[in-house]
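**Q** Compact mmCIF, C-alpha atoms, file work-v5.txt:
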```txt
# COMPACT_ATOMS: atom_id res chain seq x y z
CA MET E 1 0.00 0.00 0.00
CA SER E 2 1.37 3.41 -0.98
CA LEU E 3 2.17 6.04 1.62
CA LEU E 4 0.65 8.67 -0.69
CA ASP E 5 -3.00 9.35 -1.36
CA THR E 6 -2.83 8.07 -4.93
CA ARG E 7 -6.15 9.66 -5.76
CA VAL E 8 -4.33 13.01 -5.77
CA PRO E 9 -2.03 13.54 -8.78
CA ALA E 10 1.13 15.64 -8.75
CA VAL E 11 1.96 18.41 -11.22
CA LEU E 12 5.61 19.41 -11.65
CA LEU E 13 6.17 22.89 -13.10
CA ARG E 14 9.42 24.02 -14.69
CA ILE E 15 9.48 27.34 -16.55
CA ASP E 16 13.25 27.45 -17.14
CA ARG E 17 14.33 25.58 -20.29
CA ASN E 18 16.87 22.90 -19.40
CA PRO E 19 16.70 19.39 -20.90
CA PHE E 20 19.33 18.09 -18.44
CA HIS E 21 17.56 19.00 -15.19
CA HIS E 22 17.95 15.75 -13.28
CA GLY E 23 16.02 17.11 -10.31
CA THR E 24 12.81 17.03 -12.34
CA LEU E 25 13.44 13.38 -13.23
CA GLY E 26 14.07 12.65 -9.55
CA ALA E 27 10.68 14.12 -8.62
CA VAL E 28 8.94 12.21 -11.43
CA ARG E 29 10.41 8.92 -10.20
CA SER E 30 9.87 9.58 -6.50
CA LEU E 31 6.18 10.37 -6.85
CA GLY E 32 5.54 7.88 -9.64
CA ARG E 33 7.07 4.99 -7.72
CA ALA E 34 4.81 5.86 -4.79
CA GLY E 35 1.77 5.45 -7.03
CA ALA E 36 0.86 9.06 -7.86
CA ASP E 37 -0.03 10.16 -11.38
CA VAL E 38 2.73 12.61 -12.35
CA HIS E 39 2.07 15.40 -14.83
CA VAL E 40 4.97 17.54 -16.07
CA VAL E 41 4.49 21.12 -17.26
CA ALA E 42 7.85 21.89 -18.87
CA GLU E 43 9.71 22.10 -22.16
CA MET E 44 10.39 18.44 -22.84
CA THR E 45 11.31 18.50 -26.53
CA GLY E 46 14.23 16.10 -26.81
CA SER E 47 14.53 15.82 -23.02
CA PRO E 48 15.40 12.41 -21.53
CA ILE E 49 12.72 12.97 -18.88
CA ARG E 50 9.95 12.40 -21.41
CA LYS E 51 11.16 8.78 -21.68
CA SER E 52 10.49 8.03 -18.03
CA ARG E 53 7.87 5.37 -17.47
CA HIS E 54 6.63 7.34 -14.46
CA VAL E 55 5.41 10.36 -16.47
CA ARG E 56 1.62 10.22 -16.77
CA ARG E 57 1.33 13.16 -19.18
CA LEU E 58 3.40 16.03 -20.54
CA HIS E 59 1.99 19.54 -20.86
CA PRO E 60 3.54 22.51 -22.70
CA PRO E 61 5.10 25.16 -20.42
CA PRO E 62 4.39 28.90 -20.36
CA ALA E 63 6.00 30.80 -23.20
CA PRO E 64 9.23 32.68 -22.38
CA GLY E 65 8.35 35.94 -20.66
CA ALA E 66 4.76 34.84 -20.00
CA SER E 67 2.72 37.16 -17.79
CA PRO E 68 1.24 35.97 -14.46
CA GLU E 69 -2.19 35.92 -16.09
CA GLU E 70 -0.90 33.64 -18.84
CA ILE E 71 0.74 31.30 -16.32
CA VAL E 72 -2.51 31.06 -14.33
CA ALA E 73 -4.53 30.37 -17.46
CA LEU E 74 -2.14 27.60 -18.54
CA LEU E 75 -2.09 25.90 -15.13
CA LEU E 76 -5.87 26.05 -14.89
CA ARG E 77 -6.14 24.43 -18.33
CA VAL E 78 -3.88 21.64 -17.07
CA ALA E 79 -6.08 21.26 -13.98
CA ALA E 80 -9.18 21.05 -16.18
CA ARG E 81 -7.60 18.17 -18.12
CA ILE E 82 -6.69 16.35 -14.90
CA GLU E 83 -10.22 16.92 -13.52
CA ARG E 84 -9.26 16.68 -9.84
CA PRO E 85 -7.19 18.72 -7.37
CA ALA E 86 -3.45 18.09 -7.62
CA VAL E 87 -0.34 18.85 -5.58
CA LEU E 88 1.62 21.48 -7.53
CA ILE E 89 5.43 21.46 -7.08
CA PRO E 90 7.52 24.12 -8.87
CA MET E 91 10.97 22.83 -9.82
CA ASP E 92 12.69 26.18 -10.44
CA ASP E 93 12.74 29.64 -8.88
CA ALA E 94 10.66 31.22 -11.64
CA GLY E 95 7.93 28.68 -11.09
CA ALA E 96 8.08 28.97 -7.29
CA VAL E 97 7.77 32.75 -7.43
CA ALA E 98 4.88 32.67 -9.91
CA VAL E 99 2.92 29.94 -8.12
CA SER E 100 3.19 31.61 -4.72
CA ARG E 101 2.02 34.96 -6.04
CA LEU E 102 -0.89 33.28 -7.87
CA ARG E 103 -1.94 31.07 -4.98
CA THR E 104 -5.43 32.56 -4.65
CA GLU E 105 -6.20 32.07 -8.35
CA LEU E 106 -4.80 28.52 -8.37
CA THR E 107 -6.74 27.30 -5.33
CA PRO E 108 -8.73 24.99 -5.14
CA ALA E 109 -7.50 23.44 -8.41
CA TYR E 110 -4.12 22.87 -6.74
CA LEU E 111 -2.92 22.05 -3.24
CA LEU E 112 -0.20 24.49 -2.14
CA PRO E 113 1.64 25.41 1.10
CA GLN E 114 0.08 28.30 2.99
CA GLN E 115 2.46 31.21 3.52
CA SER E 116 2.96 34.82 2.52
CA PRO E 117 2.55 35.01 -1.29
CA THR E 118 5.67 37.19 -1.58
CA LEU E 119 8.00 35.10 0.61
CA PRO E 120 9.43 32.78 -2.10
CA GLU E 121 10.19 35.83 -4.22
CA ARG E 122 11.91 37.57 -1.32
CA VAL E 123 14.17 34.64 -0.41
CA ALA E 124 15.04 34.00 -4.06
CA ASP E 125 15.95 37.68 -4.54
CA LYS E 126 19.66 37.95 -3.75
CA SER E 127 19.41 41.46 -2.30
CA GLU E 128 16.39 40.64 -0.09
CA LEU E 129 18.07 37.49 1.19
CA ALA E 130 21.09 39.46 2.39
CA GLN E 131 18.86 41.62 4.58
CA MET E 132 16.98 38.60 5.93
CA CYS E 133 20.24 36.93 6.92
CA ALA E 134 21.36 40.09 8.71
CA ALA E 135 18.13 40.13 10.72
CA ALA E 136 18.46 36.43 11.63
CA ASP E 137 22.20 36.63 12.43
CA VAL E 138 23.07 34.16 9.68
CA ALA E 139 26.45 34.73 8.01
CA HIS E 140 26.15 36.10 4.47
CA PRO E 141 28.46 37.77 1.98
CA CYS E 142 29.62 41.34 2.10
CA THR E 143 27.20 42.64 -0.52
CA PHE E 144 27.12 45.93 -2.41
CA LEU E 145 24.20 47.30 -4.42
CA PRO E 146 25.76 50.00 -6.63
CA GLU E 147 23.58 52.77 -8.00
CA SER E 148 25.91 53.74 -10.84
CA SER E 149 28.79 52.31 -12.84
CA GLU E 150 31.16 54.56 -10.88
CA GLN E 151 29.90 53.14 -7.59
CA ALA E 152 30.21 49.63 -8.99
CA VAL E 153 33.86 50.15 -9.88
CA SER E 154 34.56 51.80 -6.52
CA ALA E 155 33.00 48.87 -4.65
CA ALA E 156 34.89 46.37 -6.80
CA ARG E 157 38.24 47.97 -6.03
CA ARG E 158 37.55 47.84 -2.31
CA LEU E 159 36.42 44.22 -2.48
CA GLY E 160 39.43 43.17 -4.53
CA PHE E 161 39.57 40.84 -7.50
CA PRO E 162 38.27 38.35 -8.32
CA LEU E 163 34.80 39.15 -7.03
CA VAL E 164 31.34 37.70 -7.50
CA ALA E 165 28.62 39.53 -9.47
CA LYS E 166 24.99 38.42 -9.24
CA TRP E 167 21.72 39.61 -10.73
CA SER E 168 19.30 39.95 -7.84
CA ARG E 169 16.43 38.23 -9.69
CA PRO E 170 18.08 35.75 -12.04
CA TRP E 171 14.79 34.21 -13.16
CA LEU E 172 14.12 37.46 -15.08
CA LEU E 173 17.20 37.11 -17.29
CA PRO E 174 16.09 37.00 -20.94
CA THR E 175 16.75 33.81 -22.86
CA GLY E 176 19.52 34.15 -25.40
CA SER E 177 21.03 37.27 -23.83
CA GLY E 178 24.23 35.51 -22.82
CA LEU E 179 23.86 36.92 -19.31
CA ARG E 180 24.61 34.53 -16.45
CA SER E 181 22.87 34.63 -13.10
CA THR E 182 26.30 34.74 -11.48
CA SER E 183 29.76 35.66 -12.78
CA VAL E 184 33.27 35.86 -11.40
CA LEU E 185 34.79 39.18 -12.49
CA ARG E 186 38.49 39.95 -12.58
CA SER E 187 38.77 43.59 -13.69
CA ALA E 188 37.13 46.98 -13.28
CA GLN E 189 36.32 46.96 -16.99
CA GLU E 190 34.32 43.74 -16.62
CA VAL E 191 32.43 45.27 -13.69
CA ARG E 192 31.60 48.41 -15.65
CA GLU E 193 30.45 46.51 -18.73
CA LEU E 194 28.24 44.16 -16.76
CA TYR E 195 26.65 46.97 -14.75
CA LEU E 196 25.63 48.74 -17.97
CA ARG E 197 23.49 45.72 -18.90
CA ARG E 198 21.22 46.02 -15.84
CA GLU E 199 18.16 47.12 -17.83
CA GLU E 200 18.56 44.15 -20.13
CA ALA E 201 18.93 41.84 -17.12
CA GLY E 202 15.70 43.10 -15.54
CA SER E 203 17.04 43.36 -11.97
CA ARG E 204 19.78 44.94 -9.88
CA LEU E 205 23.44 43.93 -9.92
CA LEU E 206 25.08 42.82 -6.66
CA LEU E 207 28.81 42.68 -6.01
CA GLN E 208 30.23 40.35 -3.37
CA GLU E 209 33.59 39.21 -2.09
CA PHE E 210 34.95 35.97 -3.45
CA LEU E 211 35.42 32.97 -1.18
CA PRO E 212 37.74 30.36 -2.73
CA PRO E 213 36.43 26.80 -2.77
CA GLY E 214 38.25 24.03 -0.97
CA ASP E 215 37.90 20.65 0.69
CA ASP E 216 34.98 20.36 3.12
CA ARG E 217 33.73 23.88 2.33
CA ASP E 218 30.58 23.43 0.22
CA TRP E 219 27.48 22.30 2.11
CA PHE E 220 23.73 22.27 1.53
CA PHE E 221 20.52 21.73 3.46
CA HIS E 222 17.26 20.37 2.04
CA GLY E 223 14.02 20.18 3.95
CA TYR E 224 10.25 20.49 3.95
CA ALA E 225 8.56 22.86 6.41
CA ASP E 226 5.12 21.36 7.05
CA ARG E 227 1.80 23.08 7.74
CA SER E 228 2.81 23.75 11.36
CA GLY E 229 6.32 24.93 10.44
CA VAL E 230 8.12 21.77 11.60
CA MET E 231 11.05 20.81 9.36
CA ARG E 232 10.54 17.34 7.94
CA ALA E 233 12.52 15.07 5.59
CA GLY E 234 15.78 16.33 4.07
CA GLY E 235 19.13 16.72 5.80
CA THR E 236 22.59 18.25 5.50
CA GLY E 237 25.01 17.27 2.77
CA ARG E 238 28.51 17.97 1.59
CA LYS E 239 29.50 18.59 -2.01
CA LEU E 240 32.37 16.29 -2.96
CA SER E 241 32.58 17.27 -6.63
CA ALA E 242 31.17 20.11 -8.70
CA TRP E 243 30.64 20.94 -12.36
CA PRO E 244 32.25 23.23 -13.38
CA ARG E 245 35.04 22.31 -10.97
CA GLY E 246 35.12 24.41 -7.83
CA ALA E 247 32.22 26.63 -8.79
CA GLY E 248 29.32 24.60 -10.10
CA LEU E 249 26.35 22.41 -9.33
CA THR E 250 26.69 19.24 -7.26
CA ALA E 251 28.12 16.40 -9.34
CA VAL E 252 28.80 14.16 -6.33
CA GLY E 253 27.23 14.77 -2.93
CA GLU E 254 27.20 12.91 0.38
CA TRP E 255 24.72 12.90 3.27
CA VAL E 256 26.76 14.12 6.24
CA PRO E 257 25.19 15.31 9.53
CA ASN E 258 26.10 18.92 10.35
CA ALA E 259 24.37 20.35 13.41
CA THR E 260 25.50 23.93 12.70
CA VAL E 261 24.14 24.02 9.15
CA ARG E 262 20.87 22.41 10.24
CA GLU E 263 20.38 24.79 13.16
CA GLN E 264 21.03 27.88 11.00
CA SER E 265 18.66 26.65 8.31
CA GLU E 266 15.83 25.79 10.67
CA ARG E 267 16.24 29.06 12.56
CA LEU E 268 16.03 31.14 9.38
CA ALA E 269 13.02 29.23 8.03
CA GLU E 270 11.19 29.58 11.36
CA ARG E 271 11.91 33.29 11.57
CA LEU E 272 10.56 33.82 8.06
CA GLY E 273 7.48 31.65 8.59
CA TYR E 274 8.48 29.60 5.57
CA ARG E 275 6.32 26.67 4.44
CA GLY E 276 7.13 24.15 1.76
CA ILE E 277 10.29 22.71 0.19
CA LEU E 278 13.57 24.58 0.48
CA ASP E 279 17.17 24.13 -0.65
CA LEU E 280 19.89 26.19 1.04
CA ASP E 281 23.53 26.38 -0.08
CA TYR E 282 26.44 27.20 2.23
CA ARG E 283 30.18 27.72 1.96
CA ARG E 284 32.44 27.42 4.97
CA CYS E 285 34.96 30.24 5.23
CA GLY E 286 38.49 28.86 5.33
CA THR E 287 39.59 31.68 7.63
CA THR E 288 36.79 31.92 10.20
CA GLY E 289 35.23 28.48 9.89
CA ARG E 290 31.74 30.03 9.73
CA TYR E 291 29.10 28.63 7.38
CA HIS E 292 27.85 31.39 5.10
CA LEU E 293 24.48 31.14 3.40
CA LEU E 294 24.99 31.49 -0.33
CA ASP E 295 21.51 30.85 -1.67
CA PHE E 296 17.94 30.15 -0.57
CA ASN E 297 16.00 28.23 -3.22
CA PRO E 298 12.24 28.02 -2.54
CA ARG E 299 11.89 24.65 -4.32
CA PRO E 300 13.56 21.21 -4.47
CA GLY E 301 17.29 21.18 -5.11
CA ALA E 302 18.41 19.07 -8.06
CA GLN E 303 20.07 16.54 -5.70
CA PHE E 304 17.12 16.24 -3.30
CA ARG E 305 16.96 12.47 -3.77
CA LEU E 306 20.19 12.20 -1.77
CA PHE E 307 18.08 12.71 1.36
CA THR E 308 15.84 9.64 1.09
CA ASP E 309 15.47 8.05 4.51
CA THR E 310 14.85 4.43 5.50
CA ALA E 311 11.07 4.95 5.13
CA GLY E 312 11.51 6.20 1.55
CA LEU E 313 10.63 9.77 2.53
CA ASP E 314 12.11 12.68 0.59
CA VAL E 315 11.01 16.32 0.35
CA VAL E 316 8.61 15.93 -2.59
CA ARG E 317 6.88 12.97 -0.98
CA ALA E 318 6.74 14.94 2.27
CA GLN E 319 4.92 17.80 0.54
CA HIS E 320 2.42 15.46 -1.11
CA LEU E 321 1.71 13.67 2.18
CA ASP E 322 1.41 16.88 4.20
CA LEU E 323 -0.90 18.69 1.77
CA THR E 324 -3.19 15.66 1.52
CA TYR E 325 -3.28 15.33 5.33
CA ARG E 326 -1.53 11.97 5.37
CA PRO E 327 0.91 11.04 8.17
CA LEU E 328 4.60 11.29 7.37
CA PRO E 329 6.47 8.06 8.18
CA GLU E 330 9.20 8.19 10.81
CA GLY E 331 12.23 6.88 8.97
CA GLU E 332 15.88 7.11 9.97
CA ALA E 333 18.59 9.17 8.33
CA ARG E 334 21.13 7.43 6.10
CA PRO E 335 24.49 9.18 6.68
CA GLY E 336 27.09 8.25 4.09
CA ARG E 337 24.51 7.92 1.32
CA ALA E 338 25.84 9.39 -1.95
CA PHE E 339 24.30 11.02 -5.02
CA VAL E 340 26.11 11.09 -8.38
CA VAL E 341 25.19 12.93 -11.59
CA GLU E 342 26.65 10.67 -14.27
CA ASN E 343 27.14 13.18 -17.09
CA TYR E 344 29.11 15.50 -14.77
CA ALA E 345 30.99 12.81 -12.83
CA PRO E 346 31.24 9.73 -15.10
CA LEU E 347 34.24 8.21 -13.31
CA SER E 348 32.49 8.43 -9.95
CA ALA E 349 29.40 6.83 -11.47
CA LEU E 350 31.44 3.92 -12.87
CA ARG E 351 33.38 3.34 -9.66
CA ARG E 352 32.09 0.46 -7.58
CA VAL E 353 31.20 1.45 -4.04
CA ARG E 354 30.02 -0.37 -0.95
CA THR E 355 28.04 2.56 0.40
CA ASP E 356 24.44 3.46 -0.39
CA ARG E 357 24.35 5.47 -3.61
CA GLU E 358 21.78 6.82 -6.08
CA LEU E 359 22.51 7.89 -9.64
CA ALA E 360 20.70 10.91 -11.06
CA TRP E 361 19.86 9.36 -14.45
CA TYR E 362 20.25 5.60 -14.38
CA ALA E 363 17.63 3.47 -12.63
CA GLY E 364 16.96 -0.21 -13.14
CA ASP E 365 13.20 0.35 -13.17
CA ASP E 366 13.40 3.35 -15.53
CA ALA E 367 16.34 2.68 -17.84
CA ALA E 368 14.98 4.45 -20.94
CA ALA E 369 15.47 7.90 -19.43
CA GLY E 370 19.12 7.18 -18.63
CA ARG E 371 19.84 5.88 -22.12
CA ALA E 372 18.17 8.90 -23.68
CA MET E 373 20.28 11.22 -21.51
CA TRP E 374 23.55 9.77 -22.79
CA ALA E 375 22.46 10.06 -26.43
CA LEU E 376 21.38 13.68 -25.96
CA TRP E 377 24.43 14.58 -23.85
CA CYS E 378 26.94 13.17 -26.34
CA ALA E 379 25.27 15.10 -29.16
CA HIS E 380 25.29 18.26 -27.02
CA VAL E 381 28.98 17.90 -26.12
CA THR E 382 29.88 17.32 -29.76
CA ARG E 383 28.00 20.44 -30.90
CA ARG E 384 29.60 22.57 -28.22
CA LEU E 385 33.14 21.40 -28.95
CA TRP E 386 32.67 21.74 -32.69
CA GLY E 387 31.33 25.26 -32.22
CA ARG E 388 34.35 26.23 -30.15
CA LEU E 389 36.74 24.76 -32.68
CA ARG E 390 35.10 26.73 -35.47
CA ARG E 391 35.31 29.97 -33.48
CA THR E 392 38.91 29.55 -32.31
CA GLY E 393 40.37 28.01 -35.46
CA PRO E 394 43.41 25.69 -35.31
CA GLY E 395 44.78 25.02 -31.88
CA PRO E 396 43.68 23.37 -28.67
CA VAL E 397 40.13 23.70 -27.41
CA PRO E 398 40.04 26.02 -24.38
CA GLY E 399 39.81 24.10 -21.12
CA PRO E 400 38.03 25.07 -17.92
CA ALA E 401 39.11 28.35 -16.38
CA PRO E 402 41.58 27.79 -13.54
CA GLU E 403 40.17 27.82 -10.06
CA ALA E 404 40.55 31.21 -8.44
CA GLY E 405 42.58 31.13 -5.27
CA PHE E 406 43.04 34.83 -4.71
CA GLY E 407 42.43 36.63 -1.49
CA ALA E 408 39.47 38.94 -1.09
CA GLY E 409 39.67 42.56 -0.12
CA ALA E 410 38.34 43.98 3.12
CA CYS E 411 34.75 45.06 3.26
CA GLY E 412 34.94 48.73 4.14
CA GLU E 413 32.64 51.70 3.89
CA VAL E 414 31.96 52.56 0.27
CA PRO E 415 29.45 54.79 -1.49
CA PRO E 416 27.24 51.87 -2.68
CA ARG E 417 24.76 50.40 -0.27
CA VAL E 418 26.39 47.72 1.90
CA ILE E 419 24.08 44.96 3.09
CA ARG E 420 26.28 42.68 5.14
CA ARG E 421 29.71 41.19 5.54
CA GLY E 422 30.14 37.44 5.42
CA ALA E 423 30.67 34.97 2.62
CA VAL E 424 28.96 33.90 -0.58
CA ARG E 425 28.22 31.76 -3.43
CA GLU E 426 27.45 31.46 -7.02
CA GLY E 427 29.60 32.30 -9.88
CA SER E 428 30.86 30.07 -12.58
CA PRO E 429 33.62 31.03 -14.97
CA GLN E 430 33.01 30.11 -18.59
CA THR E 431 34.30 26.62 -19.23
CA GLY E 432 35.58 24.94 -22.33
CA LEU E 433 33.08 22.09 -22.09
CA PRO E 434 29.31 22.31 -22.05
CA GLY E 435 27.40 22.51 -18.85
CA VAL E 436 23.81 23.10 -17.88
CA PRO E 437 23.95 26.89 -18.30
CA ASP E 438 24.74 26.39 -21.98
CA ALA E 439 22.23 23.60 -22.43
CA GLY E 440 19.19 25.80 -22.26
CA GLY E 441 18.25 27.94 -19.28
CA HIS E 442 20.17 29.21 -16.28
CA ALA E 443 21.93 26.85 -13.93
CA ASP E 444 20.21 26.61 -10.58
CA ASP E 445 23.23 25.52 -8.69
CA GLU E 446 26.25 27.44 -9.96
CA LYS E 447 28.39 28.42 -7.01
CA ALA E 448 31.17 30.72 -6.06
CA GLY E 449 31.79 32.38 -2.77
CA SER E 450 32.98 35.21 -0.66
CA CYS E 451 34.29 35.54 2.82
```
Render the structure in this file as structure tokens.
**A**
Amino acid sequence: MSLLDTRVPAVLLRIDRNPFHHGTLGAVRSLGRAGADVHVVAEMTGSPIRKSRHVRRLHPPPAPGASPEEIVALLLRVAARIERPAVLIPMDDAGAVAVSRLRTELTPAYLLPQQSPTLPERVADKSELAQMCAAADVAHPCTFLPESSEQAVSAARRLGFPLVAKWSRPWLLPTGSGLRSTSVLRSAQEVRELYLRREEAGSRLLLQEFLPPGDDRDWFFHGYADRSGVMRAGGTGRKLSAWPRGAGLTAVGEWVPNATVREQSERLAERLGYRGILDLDYRRCGTTGRYHLLDFNPRPGAQFRLFTDTAGLDVVRAQHLDLTYRPLPEGEARPGRAFVVENYAPLSALRRVRTDRELAWYAGDDAAAGRAMWALWCAHVTRRLWGRLRRTGPGPVPGPAPEAGFGAGACGEVPPRVIRRGAVREGSPQTGLPGVPDAGGHADDEKAGSC
């Protein structure tokens, strides 16, 4: 007998275009294996996810730049086809922000967590998050919000190079603009040029100190805050490998208990009154040892399946159970459990291990999706390499940018608005091989840091 109320389907929404988003496949499999009908509202043309045996039906996503009214109309059309209330789970920030703001219009067609309609937008906004961390005494980067290109250059010189630049609302970045949600900048000229594109980006530019990556420095917390605010499912994990190296999404992760990271995460969520699934990213400062919050994602992280306990509970199952008023099973944590994304860490995926491990794409009960991923990925890599060869002409293909190991400048008083001193995240130098940011859409998990 399934833990879930299988009479209630699940609808996964992804607005961002990304055929290689393994987190969406993880949610499809988790809910489908538990007996729920899983509907996917996302761009699935050529995506391996469409091959999963656990997908009940695919629905076209909102058009790029769709208005809130258009998103509501589309989701209500999906609900009309399903003909019964469904649990709606956004799989990216754009979807989480839109769904929360449209909660009144979407109820009762969909079951959703009850919280302030603006809260997901506030935590996903990089500038708002800095202020929230300051109020909750959670370490966060030294962040500047320049009001002019001159202020941006002044702040950059005081921070020192390299530094991290972020657009405060990355989900607003226009497709095809070439703008990244996060960049590592190494000169005043780069700062000036990026600042001048703020109108095109659709949100403000933040500048933060850079925190070099290192062993045992990148951590994350996943959880589900239930209807009463109690944190359920999830856990704390450590990133063992990233793509791109040192500054990217989790290629290999491990479930490792960390009381400090858990306490900070639960304290912040409680203070905000947050309800629903969350994914928080941290980087430990090599100098102070403090864990600095780098990002607050109001939706499942791509590696959420890492935190599957002995009762089979993960954050998406927790949300379905909670919103349908079903009891959540009391399973035990599984420290040492690993999660590997094969196309980013193929050697780790091939290596035989004795510990508990889950692969992002391959599954014995759903092999077609894994096979389709490799076919699509090989074609994608070939196109990217061929394109680079054609642009650069004879000579070696550029490799990944070297990891930055430079010191950061002191955070002093500067003309731009200073939010807080601490550490950071996000920022991925352009690499010579393809990665998710170049595969359609913005990477959800690109990291860099500051201290």
**Q** Mind pulling up the distance from CA of Leu294 (chain E) to CA of Leu129 (chain E)?
**A**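 These two atoms are separated by 9.3 Å.
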**Q** Using only C-alpha atoms, which protein or nucleic acid residues come within 8 Å of region 319-323 of chain E? Drop anything in the same chain fewer than 6 positions from it, and give the result as a ChimeraX atom specification.
**A** /E:3-5,10,87,111-113,224,226-227,276-277
**Q** With only C-alpha atoms as the counted atoms, please give the residues lying no more than 6 Å from region 33-49 of chain E, apart from itself and same-chain residues fewer than 5 positions off, as a list of chain:residue names.
**A** E:Ser2, E:Thr6, E:Pro9, E:Ala10, E:Val11, E:Leu12, E:Leu13, E:Arg14, E:Pro19, E:Leu25, E:Val55, E:Arg56, E:Arg57, E:Leu58, E:His59, E:Pro60, E:Pro61, E:Ala369, E:Ala372, E:Met373
**Q** One number please: CA of Ala251 (chain E) to CA of Val340 (chain E), in Å, one decimal.
**A**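 Separating CA of Ala251 (chain E) from CA of Val340 (chain E) is a distance of 5.8 Å.
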**Q** Tell me, as an MDAnalysis selection string, which residues lie within 12 Å of Arg275 (chain E), counting only C-alpha atoms; anything in the same chain fewer than 6 positions away does not count.
**A** chainID E and resid 100 112:117 119:120 223:232 266 268:269 298:299 318:319 322:323
**Q** Let me make sure I understand: among E:Ala73, E:Cys378, E:Val252, E:Leu106, which one has the smallest atom-to-atom distance to Ala349 (chain E) if we use only C-alpha atoms?
**A**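 Closest candidate: E:Val252.
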**Q** To one decimal place in Å, what is the distance between CA of Pro141 (chain E) and CA of His22 (chain E)?
**A**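 Between CA of Pro141 (chain E) and CA of His22 (chain E) the gap is 28.8 Å.
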**Q** Which residue is closest to Ala139 (chain E)? Choose from E:Pro335, E:Cys285, E:Val353, E:Tyr362 and count all atoms listed in the file.
**A** E:Cys285
**Q** What's the 6 Å shell around region 158-167 of chain E, counting all atoms listed in the file, without same-chain residues fewer than 4 positions away, as a VMD selection string?
**A** chain E and resid 181 to 186 204 to 210 408 to 410
